[in-house]
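Reproduced below: run_25.txt, with compact mmCIF, C-alpha atoms.
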```txt
# COMPACT_ATOMS: atom_id res chain seq x y z
CA MET A 1 -15.44 18.13 256.70
CA LEU A 2 -16.18 14.45 257.08
CA LYS A 3 -13.80 11.58 256.47
CA ILE A 4 -15.69 8.60 255.01
CA SER A 5 -14.50 5.07 254.38
CA ILE A 6 -16.68 2.47 252.63
CA VAL A 7 -15.53 -1.14 252.88
CA THR A 8 -16.86 -4.41 251.42
CA PRO A 9 -15.50 -7.96 251.59
CA ASP A 10 -13.65 -7.13 248.34
CA GLY A 11 -11.76 -4.27 250.02
CA GLU A 12 -12.03 -0.52 250.39
CA LEU A 13 -14.37 1.04 247.83
CA TYR A 14 -14.12 4.71 248.86
CA ASN A 15 -11.94 6.72 251.23
CA GLU A 16 -12.24 10.49 250.90
CA THR A 17 -13.19 13.69 252.65
CA VAL A 18 -16.69 15.02 251.91
CA ASP A 19 -18.77 17.99 252.99
CA SER A 20 -21.89 16.01 253.87
CA ILE A 21 -23.69 12.74 253.31
CA VAL A 22 -27.29 11.63 253.12
CA VAL A 23 -28.12 8.08 254.11
CA SER A 24 -31.26 6.56 252.62
CA ALA A 25 -32.24 3.09 253.80
CA SER A 26 -35.46 1.19 253.27
CA ASN A 27 -35.38 0.02 256.90
CA ASN A 28 -34.44 3.32 258.65
CA GLY A 29 -35.54 6.11 256.31
CA ASP A 30 -33.37 9.09 255.31
CA TYR A 31 -31.05 11.24 257.39
CA GLY A 32 -28.16 13.60 256.76
CA ILE A 33 -24.79 13.90 258.46
CA LEU A 34 -22.86 17.18 258.56
CA SER A 35 -19.66 18.07 260.39
CA ASP A 36 -19.85 17.73 264.17
CA HIS A 37 -22.98 15.55 264.00
CA VAL A 38 -23.75 13.57 267.13
CA PRO A 39 -22.36 10.02 267.07
CA ILE A 40 -24.69 7.59 265.34
CA ILE A 41 -24.76 3.95 264.29
CA SER A 42 -27.41 2.61 261.93
CA THR A 43 -28.02 -0.21 259.50
CA ILE A 44 -28.88 -0.20 255.82
CA ASP A 45 -30.64 -3.24 254.46
CA THR A 46 -30.93 -1.81 250.95
CA GLY A 47 -30.33 1.84 250.20
CA TYR A 48 -27.74 4.40 249.23
CA ILE A 49 -25.41 7.02 250.58
CA LYS A 50 -25.26 10.34 248.77
CA LEU A 51 -21.79 11.88 249.04
CA GLU A 52 -21.46 15.64 248.53
CA GLN A 53 -18.00 17.08 247.94
CA LYS A 54 -18.09 20.73 246.86
CA ASP A 55 -19.88 20.66 243.46
CA LEU A 56 -19.51 16.89 243.05
CA VAL A 57 -22.21 14.42 244.06
CA TYR A 58 -21.77 10.63 244.10
CA TYR A 59 -24.10 7.85 245.12
CA VAL A 60 -23.06 4.57 246.70
CA VAL A 61 -25.67 1.83 246.66
CA ILE A 62 -25.38 -0.28 249.81
CA ILE A 63 -26.66 -3.80 250.40
CA ASN A 64 -26.66 -5.01 254.02
CA GLY A 65 -24.45 -2.45 255.70
CA VAL A 66 -23.68 -0.59 258.89
CA VAL A 67 -22.98 3.15 259.07
CA GLU A 68 -21.09 4.65 262.00
CA ASN A 69 -20.32 8.33 262.55
CA HIS A 70 -18.00 9.34 265.38
CA HIS A 71 -15.99 12.59 265.56
CA ASN A 72 -16.48 13.40 261.84
CA LYS A 73 -15.23 9.96 260.79
CA ILE A 74 -17.82 7.86 258.99
CA THR A 75 -17.25 4.16 258.49
CA VAL A 76 -19.50 2.07 256.28
CA ILE A 77 -19.15 -1.70 256.24
CA ALA A 78 -21.31 -3.35 253.59
CA GLN A 79 -21.89 -6.77 252.13
CA ASP A 80 -22.03 -5.16 248.70
CA ALA A 81 -21.63 -1.60 247.42
CA PHE A 82 -21.15 0.24 244.17
CA ILE A 83 -20.51 3.90 243.41
CA GLY A 84 -22.08 5.89 240.56
CA ASP A 85 -23.05 9.37 239.37
CA SER A 86 -26.67 8.72 240.31
CA GLU A 87 -28.55 6.32 242.55
CA LYS A 88 -30.01 4.60 239.47
CA ASP A 89 -26.59 4.29 237.81
CA ALA A 90 -24.98 2.87 240.94
CA MET A 91 -27.82 0.36 241.42
CA LYS A 92 -27.67 -0.75 237.76
CA ASN A 93 -23.93 -1.32 237.99
CA LEU A 94 -24.31 -3.23 241.27
CA LEU A 95 -27.03 -5.44 239.81
CA ASP A 96 -24.89 -6.11 236.72
CA ILE A 97 -21.98 -7.16 238.93
CA ARG A 98 -24.24 -9.39 241.03
CA LYS A 99 -25.69 -10.98 237.89
CA SER A 100 -22.21 -11.79 236.58
CA ARG A 101 -21.24 -13.26 239.98
CA ILE A 102 -24.31 -15.49 239.93
CA GLU A 103 -23.41 -16.69 236.44
CA GLU A 104 -19.80 -17.37 237.50
CA ASN A 105 -21.04 -19.34 240.52
CA ARG A 106 -23.42 -21.33 238.33
CA LYS A 107 -20.56 -22.25 235.97
CA ARG A 108 -18.34 -23.24 238.90
CA ASN A 109 -21.10 -25.44 240.31
CA VAL A 110 -21.50 -27.20 236.94
CA GLU A 111 -17.72 -27.72 236.68
CA LEU A 112 -17.60 -29.00 240.27
CA ALA A 113 -20.43 -31.47 239.60
CA LYS A 114 -18.62 -32.75 236.48
CA ALA A 115 -15.35 -33.13 238.40
CA GLU A 116 -17.10 -34.92 241.24
CA LYS A 117 -18.79 -37.31 238.80
CA GLU A 118 -15.45 -38.02 237.10
CA LEU A 119 -13.77 -38.61 240.47
CA LEU A 120 -16.45 -41.13 241.51
CA LYS A 121 -16.05 -42.89 238.16
CA GLN A 122 -12.28 -43.11 238.67
CA ILE A 123 -12.70 -44.43 242.22
CA LYS A 124 -15.02 -47.18 240.99
CA GLN A 125 -12.72 -48.09 238.09
CA THR A 126 -9.65 -48.39 240.30
CA GLY A 127 -11.46 -50.10 243.13
CA ALA A 128 -10.06 -47.55 245.56
CA GLY A 129 -13.28 -47.59 247.56
CA ASN A 130 -13.05 -51.37 248.20
CA LEU A 131 -10.69 -52.09 251.06
```

Written as structure tokens, that's how I'd like the structure from this file.
Amino acid sequence: MLKISIVTPDGELYNETVDSIVVSASNNGDYGILSDHVPIISTIDTGYIKLEQKDLVYYVVIINGVVENHHNKITVIAQDAFIGDSEKDAMKNLLDIRKSRIEENRKRNVELAKAEKELLKQIKQTGAGNL
């Protein structure tokens, strides 16, 4: 049995015991980890981790991550990750979340620009910048 923890800047995404995992990364290829595997550290630029737990299979899409296995404890630290029933499902959900984040950031930037413009207007009107 393997204990796996997947963490992103938003917090812990997954923390369970699994039978095996398969790591698939565009930069390092594919490899599997079973119980008592030799220690390993690798990176994932874009890829997924397939988690197998008895008859259940989950996929976690990983963007910019590090995978470490040591004494049957696997730690994954990723910039972004999302879990799904299939690789395609997990990737779609991750892309949807990223798209909504981009839209939120765009709205915040527009609001910030408006607030900055209003602040400059107020400074000019009050003469606060003229000492």

Near-Met91 (chain A) list (9 Å; all atoms listed in the file; drop same-chain fewer than 5 positions) as a list of chain:residue names: A:Tyr48, A:Val60, A:Val61, A:Ile62, A:Ala81, A:Phe82, A:Ile83, A:Gly84, A:Ser86, A:Asp96

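As for CA of Asp36 (chain A) and CA of Ile21 (chain A), they are spaced 12.6 Å apart.
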
Ranking A:Gly47, A:Pro39, A:Gly65, A:Gly29 by minimum distance to Thr8 (chain A) and counting all atoms listed in the file, which one comes first?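 Nearest candidate to Thr8 (chain A) out of A:Gly47, A:Pro39, A:Gly65, A:Gly29: A:Gly65.
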
Which distance in Å separates CA of Glu16 (chain A) and CA of Ile33 (chain A), to one decimal?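 CA of Ile33 (chain A) lies 15.0 Å from CA of Glu16 (chain A).
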
Near-Gln53 (chain A) list (10 Å; only C-alpha atoms; drop same-chain fewer than 3 positions) as a ChimeraX atom specification: /A:1-2,16-21,50,56-58

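Compared by their closest atoms to Val22 (chain A), and using all atoms listed in the file, the residues A:Ile74, A:Asp45, A:Glu116, A:Val7 rank with A:Ile74 nearest.
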
Residues within 8 Å of (-13.0, 3.8, 256.5), file coordinates, counting only C-alpha atoms: what are they? Give the list as a PDB file with C-alpha atoms, in the frame of the given file.
```
ATOM      1  CA  LYS A   3     -13.800  11.580 256.470  1.00  0.00           C
ATOM      2  CA  ILE A   4     -15.690   8.600 255.010  1.00  0.00           C
ATOM      3  CA  SER A   5     -14.500   5.070 254.380  1.00  0.00           C
ATOM      4  CA  ILE A   6     -16.680   2.470 252.630  1.00  0.00           C
ATOM      5  CA  VAL A   7     -15.530  -1.140 252.880  1.00  0.00           C
ATOM      6  CA  GLU A  12     -12.030  -0.520 250.390  1.00  0.00           C
ATOM      7  CA  TYR A  14     -14.120   4.710 248.860  1.00  0.00           C
ATOM      8  CA  ASN A  15     -11.940   6.720 251.230  1.00  0.00           C
ATOM      9  CA  LYS A  73     -15.230   9.960 260.790  1.00  0.00           C
ATOM     10  CA  ILE A  74     -17.820   7.860 258.990  1.00  0.00           C
ATOM     11  CA  THR A  75     -17.250   4.160 258.490  1.00  0.00           C
ATOM     12  CA  VAL A  76     -19.500   2.070 256.280  1.00  0.00           C
TER      13      VAL A  76
END
```

Could you tell me how far CA of Ala90 (chain A) lies from CA of Ser24 (chain A), in Å and to one decimal?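 Those two atoms sit 13.8 Å apart.
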
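Remark: for Ile41 (chain A), the closest of the candidate residues A:Val23, A:Ile97, A:Ile63, A:Ala128 is A:Val23 (distances computed over only C-alpha atoms).
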
Show which residues sit within 8 Å of Thr43 (chain A), as a PyMOL selection string. Count all atoms listed in the file, and ignore same-chain residues fewer than 3 positions away. chain A and resi 25+27-28+64-67

Using all atoms listed in the file for the distances, tell me which of A:Tyr59, A:Lys124, A:Leu119, A:Asn105 is nearest to Asn93 (chain A). A:Tyr59

I need the residue nearest Pro9 (chain A) from this list: A:Asp55, A:Asp80, A:Glu118, A:Glu68. Use all atoms listed in the file for the distance.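 Ranking A:Asp55, A:Asp80, A:Glu118, A:Glu68 by distance to Pro9 (chain A), first place goes to A:Asp80.
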
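Candidate residues A:His70, A:Lys88, A:Ile123, A:Lys99 were compared for distance to Ile40 (chain A), and the nearest is A:His70, using all atoms listed in the file.
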